[in-house]
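Student: Dumping the structure here so I can ask a few things about it.
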Amino acid sequence: MKYLIAFYIGLGLVLSSLITIEYNCIGDEQFPKFWGSPFVFSKSSLASSMELYYGFVPLFINTLIWSLVLLTLKFIYQKVIFKINHYKTIKILNKVGLVLLILFSTLTIKVSFETAGRYFEKGFNYWTINMDEDAKIWKMECEGEIKIFK
């Protein structure tokens, strides 16, 4: 069960772009923004500022990476907590924090579902997003910048 919860919270973290790499591409044409965490999993729509397109394989891989990070942090956290005398207070705070993370993830997933593009085909929502190939075709130079709390 803890693995499913870690995966769910990891998905919420990836979709929230809490820690992300934002790629801005410079060139003669108008080009969408891309986001990665660490792999590029999302791009903006040129038609609407509120619509995003997702690559499902990189989204899944990013979620697995963040789930492993969360499970590692939980393991370290548990090793440190057992050495503290006020264990019952810490246990209650841990459950409250877990509920807050689940609520945050639920809200993030709901908002992402609402803003996701409605098409499933290459160039829109698809299995992958190939930013490098698109940038090469349109002769764009893309640079990534790490953003926290985008």
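Residue numbering restarts at 1 in every chain; chains get A, B, ... in the order shown in the structure tokens, and ligands count up from 1 in that same order.
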Taking 2 positions as the minimum chain separation for residues in the same chain, which residues sit within 12 Å of Tyr23 in chain A when counting only C-alpha atoms? Answer as a ChimeraX atom specification.
Tutor: /A:20-21,25-26,31-44,131-132,135,140-147
Student: Keeping only N, CA, C and O atoms, write the selected residues to a file as a short mmCIF file (atom, residue, chain, number, x, y, z; two decimals), in the first residue's frame.
Tutor:
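What landed in part11.cif:
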data_model
loop_
_atom_site.label_atom_id
_atom_site.label_comp_id
_atom_site.auth_asym_id
_atom_site.auth_seq_id
_atom_site.Cartn_x
_atom_site.Cartn_y
_atom_site.Cartn_z
N THR A 20 10.90 21.60 -11.22
CA THR A 20 10.84 21.24 -12.64
C THR A 20 11.94 21.94 -13.42
O THR A 20 12.55 22.89 -12.94
N ILE A 21 12.17 21.45 -14.61
CA ILE A 21 13.07 22.11 -15.55
C ILE A 21 12.18 22.68 -16.65
O ILE A 21 11.45 21.94 -17.32
N CYS A 25 12.49 27.95 -25.72
CA CYS A 25 13.16 27.82 -27.00
C CYS A 25 13.15 29.16 -27.72
O CYS A 25 12.12 29.83 -27.78
N ILE A 26 14.32 29.53 -28.25
CA ILE A 26 14.49 30.82 -28.90
C ILE A 26 14.76 30.59 -30.38
O ILE A 26 15.55 29.73 -30.76
N PHE A 31 7.11 29.06 -30.37
CA PHE A 31 7.35 27.67 -30.01
C PHE A 31 6.81 27.43 -28.60
O PHE A 31 6.86 28.31 -27.75
N PRO A 32 6.27 26.26 -28.33
CA PRO A 32 5.73 26.00 -26.99
C PRO A 32 6.83 25.88 -25.94
O PRO A 32 7.99 25.65 -26.26
N LYS A 33 6.44 26.05 -24.67
CA LYS A 33 7.34 25.78 -23.56
C LYS A 33 7.24 24.30 -23.23
O LYS A 33 6.20 23.67 -23.41
N PHE A 34 8.34 23.75 -22.74
CA PHE A 34 8.39 22.35 -22.35
C PHE A 34 8.78 22.27 -20.88
O PHE A 34 9.52 23.11 -20.38
N TRP A 35 8.28 21.22 -20.19
CA TRP A 35 8.62 21.01 -18.80
C TRP A 35 9.09 19.58 -18.60
O TRP A 35 8.55 18.64 -19.17
N GLY A 36 10.10 19.43 -17.77
CA GLY A 36 10.63 18.12 -17.44
C GLY A 36 10.89 18.00 -15.95
O GLY A 36 11.03 19.00 -15.26
N SER A 37 10.96 16.76 -15.49
CA SER A 37 11.19 16.55 -14.06
C SER A 37 11.77 15.16 -13.81
O SER A 37 11.16 14.37 -13.11
N PRO A 38 12.87 14.74 -14.29
CA PRO A 38 13.88 15.37 -15.13
C PRO A 38 13.64 15.20 -16.63
O PRO A 38 14.17 15.94 -17.43
N PHE A 39 12.81 14.22 -17.03
CA PHE A 39 12.55 14.01 -18.46
C PHE A 39 11.39 14.89 -18.92
O PHE A 39 10.43 15.10 -18.17
N VAL A 40 11.47 15.38 -20.15
CA VAL A 40 10.42 16.25 -20.69
C VAL A 40 9.12 15.45 -20.79
O VAL A 40 9.06 14.45 -21.49
N PHE A 41 8.10 15.90 -20.06
CA PHE A 41 6.83 15.18 -20.04
C PHE A 41 5.64 16.05 -20.45
O PHE A 41 4.54 15.53 -20.63
N SER A 42 5.84 17.36 -20.61
CA SER A 42 4.71 18.24 -20.88
C SER A 42 5.14 19.39 -21.77
O SER A 42 6.29 19.83 -21.72
N LYS A 43 4.19 19.87 -22.56
CA LYS A 43 4.44 21.07 -23.36
C LYS A 43 3.17 21.90 -23.41
O LYS A 43 2.06 21.37 -23.30
N SER A 44 3.36 23.20 -23.59
CA SER A 44 2.21 24.09 -23.65
C SER A 44 1.60 24.07 -25.04
O SER A 44 2.24 23.71 -26.02
N MET A 131 11.17 16.94 -27.69
CA MET A 131 11.48 18.36 -27.79
C MET A 131 12.66 18.61 -28.73
O MET A 131 12.62 19.53 -29.54
N ASP A 132 13.68 17.79 -28.65
CA ASP A 132 14.88 17.99 -29.47
C ASP A 132 14.58 17.88 -30.96
O ASP A 132 15.08 18.67 -31.76
N ALA A 135 12.58 20.99 -32.01
CA ALA A 135 13.45 22.17 -32.05
C ALA A 135 14.38 22.13 -33.27
O ALA A 135 14.64 23.17 -33.88
N MET A 140 15.25 25.89 -33.66
CA MET A 140 15.13 26.59 -32.38
C MET A 140 16.26 26.13 -31.46
O MET A 140 16.72 24.99 -31.56
N GLU A 141 16.67 27.00 -30.58
CA GLU A 141 17.65 26.68 -29.54
C GLU A 141 16.92 26.65 -28.21
O GLU A 141 16.35 27.66 -27.79
N CYS A 142 16.94 25.52 -27.53
CA CYS A 142 16.22 25.37 -26.27
C CYS A 142 17.20 25.29 -25.10
O CYS A 142 18.20 24.58 -25.17
N GLU A 143 16.89 26.05 -24.06
CA GLU A 143 17.69 26.03 -22.84
C GLU A 143 16.79 25.76 -21.66
O GLU A 143 15.71 26.34 -21.55
N GLY A 144 17.25 24.90 -20.78
CA GLY A 144 16.48 24.56 -19.60
C GLY A 144 16.91 25.35 -18.39
O GLY A 144 18.08 25.70 -18.24
N GLU A 145 15.95 25.63 -17.53
CA GLU A 145 16.21 26.35 -16.29
C GLU A 145 15.42 25.67 -15.18
O GLU A 145 14.22 25.41 -15.33
N ILE A 146 16.08 25.37 -14.08
CA ILE A 146 15.40 24.73 -12.96
C ILE A 146 14.50 25.75 -12.27
O ILE A 146 14.94 26.86 -11.95
N LYS A 147 13.26 25.38 -12.08
CA LYS A 147 12.28 26.24 -11.41
C LYS A 147 11.74 25.50 -10.20
O LYS A 147 11.46 24.32 -10.26
#
Student: Report as a list in words all protein, DNA and RNA residues lying within 12 Å of Ser45 in chain A, evaluated on only C-alpha atoms, omitting residues in the same chain fewer than 5 positions from it.
Tutor: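 Using only C-alpha atoms, the neighbours found are Gln30, Phe31, Pro32, Lys33, Phe34, Met50, Glu51, Leu52, Tyr53, Tyr54, Thr115, Ala116, Gly117, Arg118, Tyr119, Gly123, Phe124 and Asn125 of chain A.
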Student: Atoms to include: N, CA, C and O atoms. Write the selected residues as an mmCIF file, in the first residue's frame.
Tutor:
data_model
loop_
_atom_site.group_PDB
_atom_site.id
_atom_site.type_symbol
_atom_site.label_atom_id
_atom_site.label_comp_id
_atom_site.auth_asym_id
_atom_site.auth_seq_id
_atom_site.Cartn_x
_atom_site.Cartn_y
_atom_site.Cartn_z
ATOM 1 N N GLN A 30 7.242 31.031 -33.223
ATOM 2 C CA GLN A 30 6.645 30.870 -31.906
ATOM 3 C C GLN A 30 6.695 29.383 -31.578
ATOM 4 O O GLN A 30 6.366 28.540 -32.417
ATOM 5 N N PHE A 31 7.111 29.059 -30.368
ATOM 6 C CA PHE A 31 7.348 27.670 -30.007
ATOM 7 C C PHE A 31 6.807 27.429 -28.603
ATOM 8 O O PHE A 31 6.857 28.313 -27.750
ATOM 9 N N PRO A 32 6.274 26.256 -28.327
ATOM 10 C CA PRO A 32 5.729 25.998 -26.987
ATOM 11 C C PRO A 32 6.828 25.883 -25.938
ATOM 12 O O PRO A 32 7.995 25.650 -26.258
ATOM 13 N N LYS A 33 6.438 26.047 -24.673
ATOM 14 C CA LYS A 33 7.342 25.777 -23.563
ATOM 15 C C LYS A 33 7.238 24.298 -23.235
ATOM 16 O O LYS A 33 6.196 23.667 -23.415
ATOM 17 N N PHE A 34 8.341 23.751 -22.739
ATOM 18 C CA PHE A 34 8.390 22.346 -22.350
ATOM 19 C C PHE A 34 8.776 22.268 -20.883
ATOM 20 O O PHE A 34 9.522 23.112 -20.382
ATOM 21 N N MET A 50 -4.023 27.852 -21.360
ATOM 22 C CA MET A 50 -4.442 26.982 -20.266
ATOM 23 C C MET A 50 -4.413 25.497 -20.622
ATOM 24 O O MET A 50 -4.830 24.662 -19.837
ATOM 25 N N GLU A 51 -3.906 25.158 -21.791
ATOM 26 C CA GLU A 51 -3.925 23.775 -22.238
ATOM 27 C C GLU A 51 -2.497 23.233 -22.292
ATOM 28 O O GLU A 51 -1.594 23.895 -22.779
ATOM 29 N N LEU A 52 -2.323 22.035 -21.773
ATOM 30 C CA LEU A 52 -1.022 21.364 -21.789
ATOM 31 C C LEU A 52 -1.171 20.003 -22.447
ATOM 32 O O LEU A 52 -2.227 19.374 -22.369
ATOM 33 N N TYR A 53 -0.094 19.555 -23.084
ATOM 34 C CA TYR A 53 -0.054 18.224 -23.678
ATOM 35 C C TYR A 53 0.990 17.406 -22.944
ATOM 36 O O TYR A 53 2.038 17.913 -22.560
ATOM 37 N N TYR A 54 0.699 16.130 -22.744
ATOM 38 C CA TYR A 54 1.555 15.267 -21.942
ATOM 39 C C TYR A 54 2.088 14.100 -22.752
ATOM 40 O O TYR A 54 1.414 13.588 -23.636
ATOM 41 N N THR A 115 -6.873 20.647 -17.475
ATOM 42 C CA THR A 115 -6.118 21.483 -18.413
ATOM 43 C C THR A 115 -5.421 20.682 -19.499
ATOM 44 O O THR A 115 -4.781 21.263 -20.367
ATOM 45 N N ALA A 116 -5.534 19.364 -19.457
ATOM 46 C CA ALA A 116 -4.886 18.529 -20.473
ATOM 47 C C ALA A 116 -5.591 18.693 -21.812
ATOM 48 O O ALA A 116 -6.808 18.838 -21.874
ATOM 49 N N GLY A 117 -4.799 18.686 -22.878
ATOM 50 C CA GLY A 117 -5.373 18.736 -24.217
ATOM 51 C C GLY A 117 -6.253 17.531 -24.463
ATOM 52 O O GLY A 117 -6.042 16.465 -23.894
ATOM 53 N N ARG A 118 -7.212 17.663 -25.326
ATOM 54 C CA ARG A 118 -8.207 16.612 -25.547
ATOM 55 C C ARG A 118 -7.855 15.643 -26.675
ATOM 56 O O ARG A 118 -8.614 14.745 -26.970
ATOM 57 N N TYR A 119 -6.729 15.827 -27.318
ATOM 58 C CA TYR A 119 -6.375 14.971 -28.453
ATOM 59 C C TYR A 119 -5.305 13.971 -28.057
ATOM 60 O O TYR A 119 -4.399 14.291 -27.298
ATOM 61 N N GLY A 123 2.206 14.932 -31.536
ATOM 62 C CA GLY A 123 2.200 16.390 -31.471
ATOM 63 C C GLY A 123 1.277 16.914 -30.378
ATOM 64 O O GLY A 123 1.338 18.069 -30.017
ATOM 65 N N PHE A 124 0.401 16.069 -29.885
ATOM 66 C CA PHE A 124 -0.501 16.436 -28.794
ATOM 67 C C PHE A 124 -0.200 15.495 -27.630
ATOM 68 O O PHE A 124 0.956 15.203 -27.370
ATOM 69 N N ASN A 125 -1.205 15.045 -26.904
ATOM 70 C CA ASN A 125 -0.992 14.005 -25.902
ATOM 71 C C ASN A 125 -0.559 12.754 -26.661
ATOM 72 O O ASN A 125 -1.224 12.335 -27.597
#
Student: Tell me which protein, DNA and RNA residues are within 9 Å of Lys139 in chain A, counting only C-alpha atoms, leaving out same-chain ones fewer than 5 positions away, and put them as a ChimeraX atom specification.
Tutor: /A:26-29,134
Student: With N, CA and C atoms retained, export the selected residues as a PDB file, in the first residue's frame.
Tutor:
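Result file is part-v2.pdb:
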ATOM      1  N   ILE A  26      14.317  29.525 -28.245  1.00  0.00           N
ATOM      2  CA  ILE A  26      14.490  30.818 -28.899  1.00  0.00           C
ATOM      3  C   ILE A  26      14.756  30.587 -30.382  1.00  0.00           C
ATOM      4  N   GLY A  27      14.091  31.371 -31.211  1.00  0.00           N
ATOM      5  CA  GLY A  27      14.269  31.278 -32.653  1.00  0.00           C
ATOM      6  C   GLY A  27      13.324  32.233 -33.345  1.00  0.00           C
ATOM      7  N   ASP A  28      13.138  32.033 -34.643  1.00  0.00           N
ATOM      8  CA  ASP A  28      12.287  32.913 -35.446  1.00  0.00           C
ATOM      9  C   ASP A  28      10.800  32.597 -35.320  1.00  0.00           C
ATOM     10  N   GLU A  29      10.458  31.421 -34.884  1.00  0.00           N
ATOM     11  CA  GLU A  29       9.062  30.993 -34.815  1.00  0.00           C
ATOM     12  C   GLU A  29       8.557  31.024 -33.374  1.00  0.00           C
ATOM     13  N   ASP A 134      11.612  18.390 -32.444  1.00  0.00           N
ATOM     14  CA  ASP A 134      10.809  19.556 -32.825  1.00  0.00           C
ATOM     15  C   ASP A 134      11.671  20.806 -32.952  1.00  0.00           C
TER      16      ASP A 134
END
Student: From the list A:Phe120, A:Tyr87, A:Phe104, A:Phe149, which residue is nearest Ser17 in chain A when using only C-alpha atoms?
Tutor: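 Residue with the minimum atom-to-atom distance to Ser17 in chain A: A:Phe149.
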Student: For Lys91 in chain A, work out the shell of residues within 12 Å, counting only C-alpha atoms and skipping chain neighbours fewer than 5 positions away, then give it as a PyMOL selection string.
Tutor: chain A and resi 77-78+81-82+84-86+96-98
Student: Between A:Leu101, A:Ala47, A:Val111, A:Ile9, which one has atoms that come closest to Leu64 in chain A, using only C-alpha atoms?
Tutor: A:Ile9
Student: So that I can see what lies close to Ser105 in chain A, please list as a list in words the residues with an atom at most 9 Å from it, counting only C-alpha atoms and leaving out residues fewer than 6 positions away in the same chain.
Tutor: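 Residues near the query, excluding close chain neighbours: Tyr8, Ile9, Gly10, Leu11, Gly12, Leu13, Leu15 and Ser16 of chain A.
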Student: Generate a file of the selected residues that holds N, CA, C and O atoms, formatted as a PDB file, in the first residue's frame.
Tutor:
ATOM      1  N   TYR A   8       1.285   7.698  -6.062  1.00  0.00           N
ATOM      2  CA  TYR A   8       0.236   8.711  -6.196  1.00  0.00           C
ATOM      3  C   TYR A   8       0.773  10.096  -5.824  1.00  0.00           C
ATOM      4  O   TYR A   8       0.553  11.071  -6.540  1.00  0.00           O
ATOM      5  N   ILE A   9       1.494  10.181  -4.725  1.00  0.00           N
ATOM      6  CA  ILE A   9       2.076  11.466  -4.314  1.00  0.00           C
ATOM      7  C   ILE A   9       3.152  11.890  -5.309  1.00  0.00           C
ATOM      8  O   ILE A   9       3.271  13.073  -5.646  1.00  0.00           O
ATOM      9  N   GLY A  10       3.936  10.937  -5.819  1.00  0.00           N
ATOM     10  CA  GLY A  10       4.938  11.240  -6.840  1.00  0.00           C
ATOM     11  C   GLY A  10       4.304  11.803  -8.104  1.00  0.00           C
ATOM     12  O   GLY A  10       4.803  12.763  -8.694  1.00  0.00           O
ATOM     13  N   LEU A  11       3.170  11.240  -8.516  1.00  0.00           N
ATOM     14  CA  LEU A  11       2.444  11.761  -9.673  1.00  0.00           C
ATOM     15  C   LEU A  11       1.977  13.189  -9.413  1.00  0.00           C
ATOM     16  O   LEU A  11       2.106  14.063 -10.271  1.00  0.00           O
ATOM     17  N   GLY A  12       1.486  13.435  -8.217  1.00  0.00           N
ATOM     18  CA  GLY A  12       1.071  14.787  -7.859  1.00  0.00           C
ATOM     19  C   GLY A  12       2.224  15.768  -7.876  1.00  0.00           C
ATOM     20  O   GLY A  12       2.086  16.907  -8.336  1.00  0.00           O
ATOM     21  N   LEU A  13       3.396  15.334  -7.407  1.00  0.00           N
ATOM     22  CA  LEU A  13       4.574  16.215  -7.416  1.00  0.00           C
ATOM     23  C   LEU A  13       5.029  16.529  -8.830  1.00  0.00           C
ATOM     24  O   LEU A  13       5.385  17.667  -9.140  1.00  0.00           O
ATOM     25  N   LEU A  15       3.182  16.448 -11.655  1.00  0.00           N
ATOM     26  CA  LEU A  15       2.187  17.270 -12.341  1.00  0.00           C
ATOM     27  C   LEU A  15       2.097  18.687 -11.773  1.00  0.00           C
ATOM     28  O   LEU A  15       1.733  19.620 -12.477  1.00  0.00           O
ATOM     29  N   SER A  16       2.432  18.848 -10.503  1.00  0.00           N
ATOM     30  CA  SER A  16       2.378  20.186  -9.899  1.00  0.00           C
ATOM     31  C   SER A  16       3.538  21.055 -10.354  1.00  0.00           C
ATOM     32  O   SER A  16       3.490  22.266 -10.176  1.00  0.00           O
TER      33      SER A  16
END
Student: Could you pull out all residues of range 9-127 of chain A with a DSSP call of alpha helix (DSSP H) and give them as a PyMOL selection string?
Tutor: chain A and resi 9-16+56-81+87-115
Student: Quick one, how far is CA of Ala6 in chain A from CA of Leu59 in chain A?
Tutor: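 Answer for the CA of Ala6 in chain A to CA of Leu59 in chain A separation: 14.9 Å.
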Student: Mind pulling up the distance from CA of Ile102 in chain A to CA of Ile61 in chain A?
Tutor: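 Taking CA of Ile61 in chain A and CA of Ile102 in chain A, their separation equals 19.8 Å.
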